[in-house]
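With PDB, C-alpha atoms and all ligand atoms inside, this is target_1.pdb:
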```pdb
MODEL        1
ATOM      1  CA  MET C   1      33.927  86.630  -9.805
ATOM      2  CA  ALA C   2      34.234  87.469 -13.481
ATOM      3  CA  GLU C   3      30.848  85.860 -14.149
ATOM      4  CA  ASN C   4      29.311  87.939 -11.448
ATOM      5  CA  ALA C   5      30.832  91.073 -12.915
ATOM      6  CA  ASN C   6      29.672  90.235 -16.444
ATOM      7  CA  ALA C   7      26.137  89.768 -15.201
ATOM      8  CA  LEU C   8      26.302  93.266 -13.794
ATOM      9  CA  VAL C   9      27.574  94.988 -16.922
ATOM     10  CA  GLY C  10      24.914  96.877 -18.829
ATOM     11  CA  ASP C  11      22.008  99.194 -18.173
ATOM     12  CA  THR C  12      20.787  97.416 -15.081
ATOM     13  CA  ALA C  13      24.109  98.145 -13.408
ATOM     14  CA  SER C  14      23.787 101.882 -13.624
ATOM     15  CA  LEU C  15      22.317 103.870 -10.815
ATOM     16  CA  SER C  16      21.980 107.568 -10.208
ATOM     17  CA  ILE C  17      21.256 109.489  -7.056
ATOM     18  CA  ASN C  18      20.207 113.132  -6.838
ATOM     19  CA  ILE C  19      21.974 115.443  -4.447
ATOM     20  CA  GLN C  20      19.817 118.296  -3.232
ATOM     21  CA  GLY C  21      20.309 120.704  -0.380
ATOM     22  CA  ARG C  22      22.552 120.351   2.614
ATOM     23  CA  ASP C  23      21.231 116.966   3.708
ATOM     24  CA  GLU C  24      24.202 114.738   4.517
ATOM     25  CA  MET C  25      22.073 111.573   4.333
ATOM     26  CA  VAL C  26      22.912 111.364   0.636
ATOM     27  CA  ILE C  27      26.533 110.698   1.617
ATOM     28  CA  VAL C  28      25.422 107.614   3.523
ATOM     29  CA  THR C  29      23.196 106.473   0.644
ATOM     30  CA  ALA C  30      25.915 106.894  -1.981
ATOM     31  CA  ARG C  31      28.513 105.281   0.238
ATOM     32  CA  GLY C  32      26.240 102.258   0.651
ATOM     33  CA  ALA C  33      25.569 102.052  -3.084
ATOM     34  CA  ALA C  34      29.288 102.224  -3.885
ATOM     35  CA  ARG C  35      30.066  99.503  -1.381
ATOM     36  CA  GLU C  36      27.231  97.277  -2.591
ATOM     37  CA  LEU C  37      28.072  97.631  -6.289
ATOM     38  CA  SER C  38      31.781  97.063  -5.744
ATOM     39  CA  ARG C  39      31.084  94.046  -3.545
ATOM     40  CA  GLU C  40      28.792  92.540  -6.213
ATOM     41  CA  LEU C  41      31.472  93.210  -8.797
ATOM     42  CA  GLY C  42      33.918  91.133  -6.810
ATOM     43  CA  PHE C  43      36.061  93.827  -5.187
ATOM     44  CA  GLY C  44      37.709  92.815  -1.934
ATOM     45  CA  ILE C  45      36.892  94.575   1.299
ATOM     46  CA  VAL C  46      39.848  96.963   0.988
ATOM     47  CA  ASP C  47      38.874  98.153  -2.505
ATOM     48  CA  GLN C  48      35.212  98.365  -1.457
ATOM     49  CA  THR C  49      36.311 100.711   1.303
ATOM     50  CA  ARG C  50      38.509 102.747  -1.041
ATOM     51  CA  VAL C  51      35.624 103.267  -3.456
ATOM     52  CA  ALA C  52      33.159 104.059  -0.664
ATOM     53  CA  THR C  53      35.558 106.547   0.924
ATOM     54  CA  ALA C  54      36.300 108.281  -2.376
ATOM     55  CA  ILE C  55      32.629 108.772  -3.238
ATOM     56  CA  SER C  56      31.877 109.980   0.309
ATOM     57  CA  GLU C  57      34.440 112.760   0.015
ATOM     58  CA  ILE C  58      33.297 113.907  -3.415
ATOM     59  CA  ILE C  59      29.631 113.915  -2.430
ATOM     60  CA  ARG C  60      30.391 115.614   0.862
ATOM     61  CA  ASN C  61      31.894 118.411  -1.227
ATOM     62  CA  VAL C  62      28.729 118.753  -3.301
ATOM     63  CA  VAL C  63      26.630 118.946  -0.122
ATOM     64  CA  GLN C  64      29.068 121.429   1.434
ATOM     65  CA  TYR C  65      30.030 123.656  -1.475
ATOM     66  CA  ALA C  66      27.460 123.146  -4.223
ATOM     67  CA  SER C  67      24.323 121.526  -2.745
ATOM     68  CA  GLU C  68      22.852 120.622  -6.129
ATOM     69  CA  GLY C  69      24.015 117.737  -8.230
ATOM     70  CA  GLU C  70      23.917 114.091  -9.159
ATOM     71  CA  VAL C  71      26.034 110.991  -8.823
ATOM     72  CA  GLN C  72      26.002 108.227 -11.376
ATOM     73  CA  PHE C  73      27.402 104.745 -10.839
ATOM     74  CA  ARG C  74      28.125 102.486 -13.761
ATOM     75  CA  VAL C  75      29.574  99.021 -13.975
ATOM     76  CA  ILE C  76      31.894  99.050 -16.948
ATOM     77  CA  GLU C  77      34.205  96.738 -18.859
ATOM     78  CA  GLU C  78      37.295  97.575 -20.883
ATOM     79  CA  ASN C  79      39.381  94.921 -22.631
ATOM     80  CA  GLY C  80      37.642  92.278 -20.549
ATOM     81  CA  GLN C  81      38.418  94.052 -17.319
ATOM     82  CA  PRO C  82      35.406  94.987 -15.187
ATOM     83  CA  GLY C  83      35.338  98.153 -13.186
ATOM     84  CA  LEU C  84      33.189 100.659 -11.397
ATOM     85  CA  GLU C  85      32.768 104.171 -12.763
ATOM     86  CA  MET C  86      31.386 107.011 -10.680
ATOM     87  CA  VAL C  87      30.585 110.440 -12.065
ATOM     88  CA  VAL C  88      29.566 113.287  -9.801
ATOM     89  CA  VAL C  89      28.232 116.440 -11.424
ATOM     90  CA  ASP C  90      27.102 119.593  -9.668
ATOM     91  CA  GLN C  91      25.836 123.027 -10.620
ATOM     92  CA  GLY C  92      27.645 124.786  -7.801
ATOM     93  CA  PRO C  93      30.092 127.696  -7.826
ATOM     94  CA  GLY C  94      32.925 125.705  -9.381
ATOM     95  CA  ILE C  95      36.599 125.644  -8.371
ATOM     96  CA  ALA C  96      38.881 128.496  -9.423
ATOM     97  CA  ASP C  97      42.229 126.784  -8.802
ATOM     98  CA  VAL C  98      41.822 123.115  -9.680
ATOM     99  CA  GLU C  99      45.593 122.466  -9.626
ATOM    100  CA  ARG C 100      45.844 123.677  -6.068
ATOM    101  CA  VAL C 101      42.885 121.591  -4.928
ATOM    102  CA  LEU C 102      44.340 118.476  -6.595
ATOM    103  CA  ARG C 103      47.643 119.025  -4.810
ATOM    104  CA  GLY C 104      45.786 118.939  -1.501
ATOM    105  CA  GLY C 105      45.992 120.876   1.712
ATOM    106  CA  TYR C 106      43.865 123.732   0.433
ATOM    107  CA  SER C 107      40.408 124.340   1.900
ATOM    108  CA  THR C 108      37.906 127.172   1.761
ATOM    109  CA  GLY C 109      35.778 125.295   4.294
ATOM    110  CA  ASN C 110      36.880 124.177   7.707
ATOM    111  CA  GLY C 111      38.346 120.933   6.393
ATOM    112  CA  PHE C 112      41.877 119.685   5.850
ATOM    113  CA  GLY C 113      41.719 120.031   2.093
ATOM    114  CA  ARG C 114      42.391 116.311   1.697
ATOM    115  CA  GLY C 115      39.042 115.171   0.295
ATOM    116  CA  ILE C 116      39.778 115.468  -3.412
ATOM    117  CA  SER C 117      43.495 114.613  -3.283
ATOM    118  CA  GLY C 118      42.634 111.628  -1.072
ATOM    119  CA  ALA C 119      39.879 110.376  -3.374
ATOM    120  CA  ARG C 120      42.284 110.669  -6.294
ATOM    121  CA  THR C 121      44.825 108.359  -4.706
ATOM    122  CA  LEU C 122      42.138 105.842  -3.696
ATOM    123  CA  MET C 123      40.877 105.433  -7.272
ATOM    124  CA  ASP C 124      42.665 104.184 -10.425
ATOM    125  CA  ASP C 125      41.419 106.902 -12.773
ATOM    126  CA  PHE C 126      40.428 110.366 -11.658
ATOM    127  CA  GLU C 127      39.499 113.533 -13.511
ATOM    128  CA  LEU C 128      38.235 116.826 -12.158
ATOM    129  CA  GLN C 129      36.738 119.459 -14.424
ATOM    130  CA  SER C 130      35.378 122.673 -13.078
ATOM    131  CA  GLU C 131      34.179 125.994 -14.340
ATOM    132  CA  VAL C 132      33.625 128.934 -12.038
ATOM    133  CA  GLY C 133      29.969 129.898 -11.959
ATOM    134  CA  ARG C 134      28.881 126.708 -13.722
ATOM    135  CA  GLY C 135      29.869 123.723 -11.640
ATOM    136  CA  THR C 136      32.141 120.758 -11.171
ATOM    137  CA  ARG C 137      32.428 117.265 -12.602
ATOM    138  CA  VAL C 138      34.423 114.455 -11.022
ATOM    139  CA  TRP C 139      34.984 111.266 -12.988
ATOM    140  CA  MET C 140      36.550 108.247 -11.284
ATOM    141  CA  ARG C 141      37.118 104.597 -12.040
ATOM    142  CA  LYS C 142      38.297 101.574 -10.108
ATOM    143  CA  TRP C 143      39.234  98.360 -11.872
ATOM    144  CA  LEU C 144      38.767  94.826 -10.619
ATOM    145  CA  ARG C 145      42.081  93.000 -10.518
TER     146      ARG C 145
HETATM  147  N1  LIG C 201      31.943 120.477  -5.664
HETATM  148  C1  LIG C 201      32.639 121.577  -5.330
HETATM  149  N2  LIG C 201      32.185 122.817  -5.689
HETATM  150  C2  LIG C 201      32.888 123.924  -5.365
HETATM  151  N3  LIG C 201      34.055 123.914  -4.681
HETATM  152  C3  LIG C 201      34.541 122.711  -4.299
HETATM  153  C4  LIG C 201      33.856 121.494  -4.602
HETATM  154  N4  LIG C 201      34.588 120.476  -4.113
HETATM  155  C5  LIG C 201      35.670 121.030  -3.541
HETATM  156  N5  LIG C 201      35.655 122.373  -3.632
HETATM  157  C6  LIG C 201      36.703 123.302  -3.173
HETATM  158  O1  LIG C 201      37.917 122.568  -3.066
HETATM  159  C7  LIG C 201      38.440 122.642  -1.747
HETATM  160  C8  LIG C 201      39.125 121.336  -1.381
HETATM  161  O2  LIG C 201      38.194 120.279  -1.287
HETATM  162  P1  LIG C 201      38.597 118.980  -0.473
HETATM  163  O3  LIG C 201      39.865 118.447  -1.039
HETATM  164  O4  LIG C 201      37.434 118.060  -0.414
HETATM  165  O5  LIG C 201      38.931 119.535   0.982
HETATM  166  P2  LIG C 201      37.942 120.177   2.083
HETATM  167  O6  LIG C 201      36.546 119.762   1.753
HETATM  168  O7  LIG C 201      38.425 119.601   3.358
HETATM  169  O8  LIG C 201      38.130 121.659   1.987
HETATM  170  C9  LIG C 201      37.234 123.002  -0.889
HETATM  171  O9  LIG C 201      37.620 123.668   0.295
HETATM  172  C10 LIG C 201      36.441 123.898  -1.812
HETATM  173  O10 LIG C 201      36.961 125.205  -1.827
HETATM  174 MG    MG C 202      35.917 117.933   1.107
ENDMDL
END
```

Represent the supplied structure as C-alpha cells.
Ligand SMILES: Nc1ncnc2c1ncn2[C@@H]1O[C@H](COP(=O)(O)OP(=O)(O)O)[C@@H](O)[C@H]1O
Ligand SMILES: [Mg+2]
Amino acid sequence: MAENANALVGDTASLSINIQGRDEMVIVTARGAARELSRELGFGIVDQTRVATAISEIIRNVVQYASEGEVQFRVIEENGQPGLEMVVVDQGPGIADVERVLRGGYSTGNGFGRGISGARTLMDDFELQSEVGRGTRVWMRKWLR
C-alpha cells in the first residue's frame, strides 16, 4: 500500500478539471477521479466513498452557485504519511456568512444546507475561504491510515 502511494506522489499524481457552466456531468467526472485516486493510494472503500462524496458536494456548489471554477487533485505526503488533497476554486459570487454555512442547515438554494458541513466532517482537513464578489476556495485533505 505504502509503495503504491509513494509511486503516486509527485507531478504525475496531480490532476485538474475545469468547471464551466451548469453542466452537472463534471460532478460525475470529479467523483470518479476522487474515487480512482484514493483507491490507487490505498484508501479503503469507506474512505474512497467519503472523499468522493465530499468532492461531489463542493463541486455541485460550484455548478449551482458559481458555475466557473476548477478542481485540483494532488497526492501528497507529510511526515511519511500519504494523503489526497483536493482544492476547488471558483470565481462565483462568494459566500457572505462563511460561519453560518460551516455550521450547516443554511441554504440559499433549495437544498438542505448540509453540503459544506457534511464535506467537512467527511475529510480530515478542511478550509473554506470566500470573498463576496470574488469567489470561493475550498481546501480539503484526507490521510491514509
Ligand atoms: N461555491 C459557492 N459559491 C457561492 N455560494 C456558495 C458556494 N457554495 C455554497 N454556497 C452557499 O452556501 C450555502 C450552503 O451550501 P451547502 O452546505 O452546500 O448547502 P446547499 O447547497 O444545500 O444549500 C448555499 O446555499 C449557498 O448559499
Ligand atoms: Mg450544496

*Could you give me, as a ChimeraX atom specification, every polymer residue with an atom at most 9 Å away from an atom of ligand MG 202 (chain C), counting all atoms listed in the file?*
/C:56-62,64-65,107,109,111-116

_Residues within 8 Å of Val51 (chain C), please, as a PyMOL selection string. Count all atoms listed in the file; anything in the same chain fewer than 4 positions from it doesn't count._
chain C and resi 34-35+38+47+55+122-123+142

*Mind pulling up the distance from CA of Arg74 (chain C) to CA of Val132 (chain C)?*
27.1 Å

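Between CA of Val89 (chain C) and atom O6 of ligand LIG 201 (chain C) lies a distance of 15.9 Å.
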
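Among the candidates C:Ala54, C:Gly83, C:Arg134, C:Asp90, the residue lying nearest to Ser117 (chain C) is C:Ala54 (atoms considered: only C-alpha atoms).
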
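Atom pair CA of Gln72 (chain C) / CA of Asn18 (chain C): separated by 8.8 Å.
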
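Once the PyMOL selection byres (((chain C and resi 141) around 9) and not hetatm) is applied to the depicted file, the selected set reads Val51, Gly83, Leu84, Glu85, Met86, Val87, Met123, Asp124, Asp125, Phe126, Trp139, Met140, Lys142 and Trp143 of chain C.
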
Any chance you could work out the axis-aligned box around ligand LIG 201 (chain C), listed atoms only, 8 Å on each side, giving centre and edge lengths in Å to one decimal, as lines of an AutoDock Vina configuration file?
```
center_x = 35.9
center_y = 121.6
center_z = -1.2
size_x = 23.9
size_y = 23.1
size_z = 25.0
```

*Go through C:Ala66, C:Gln81, C:Ile76, C:Ala119 one by one, measure the shortest atom-to-atom distance of each to ligand LIG 201 (chain C) using all atoms listed in the file, and give the residue with the smallest value.*
C:Ala66

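Distances here use all atoms listed in the file; by that measure, the residue among C:Gly133, C:Gly32, C:Gly92, C:Gly80 closest to ligand LIG 201 (chain C) is C:Gly92.
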
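With distances taken over all atoms listed in the file, C:Ile95 is the one residue among C:Val75, C:Ile95, C:Leu144, C:Val88 lying closest to ligand LIG 201 (chain C).
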
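Using all atoms listed in the file, the smallest distance between any of C:Gly42, C:Leu128, C:Gln20, C:Thr108 and ligand LIG 201 (chain C) comes from C:Thr108.
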
*Given the file above and the PyMOL selection byres (((chain C and resi 99) around 12) and not hetatm), which residues are selected, and can you give them as a count of residues only?*
17

Taking (22.7, 111.6, -6.6) in the coordinates of the supplied file, I want to know which residues reach to within 8 Å of it, counting only C-alpha atoms; could you give the answer as a PDB file with C-alpha atoms, in the coordinates of the input?
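Once everything was written out, this is part-v2.pdb:
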```pdb
ATOM      1  CA  SER C  16      21.980 107.568 -10.208  1.00  0.00           C
ATOM      2  CA  ILE C  17      21.256 109.489  -7.056  1.00  0.00           C
ATOM      3  CA  ASN C  18      20.207 113.132  -6.838  1.00  0.00           C
ATOM      4  CA  ILE C  19      21.974 115.443  -4.447  1.00  0.00           C
ATOM      5  CA  VAL C  26      22.912 111.364   0.636  1.00  0.00           C
ATOM      6  CA  ALA C  30      25.915 106.894  -1.981  1.00  0.00           C
ATOM      7  CA  GLY C  69      24.015 117.737  -8.230  1.00  0.00           C
ATOM      8  CA  GLU C  70      23.917 114.091  -9.159  1.00  0.00           C
ATOM      9  CA  VAL C  71      26.034 110.991  -8.823  1.00  0.00           C
ATOM     10  CA  GLN C  72      26.002 108.227 -11.376  1.00  0.00           C
ATOM     11  CA  VAL C  88      29.566 113.287  -9.801  1.00  0.00           C
TER      12      VAL C  88
END
```

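Considering the residues C:Arg39, C:Arg50, C:Arg31, C:Arg137 and counting all atoms listed in the file, ligand LIG 201 (chain C) has its shortest atom-to-atom contact with C:Arg137.
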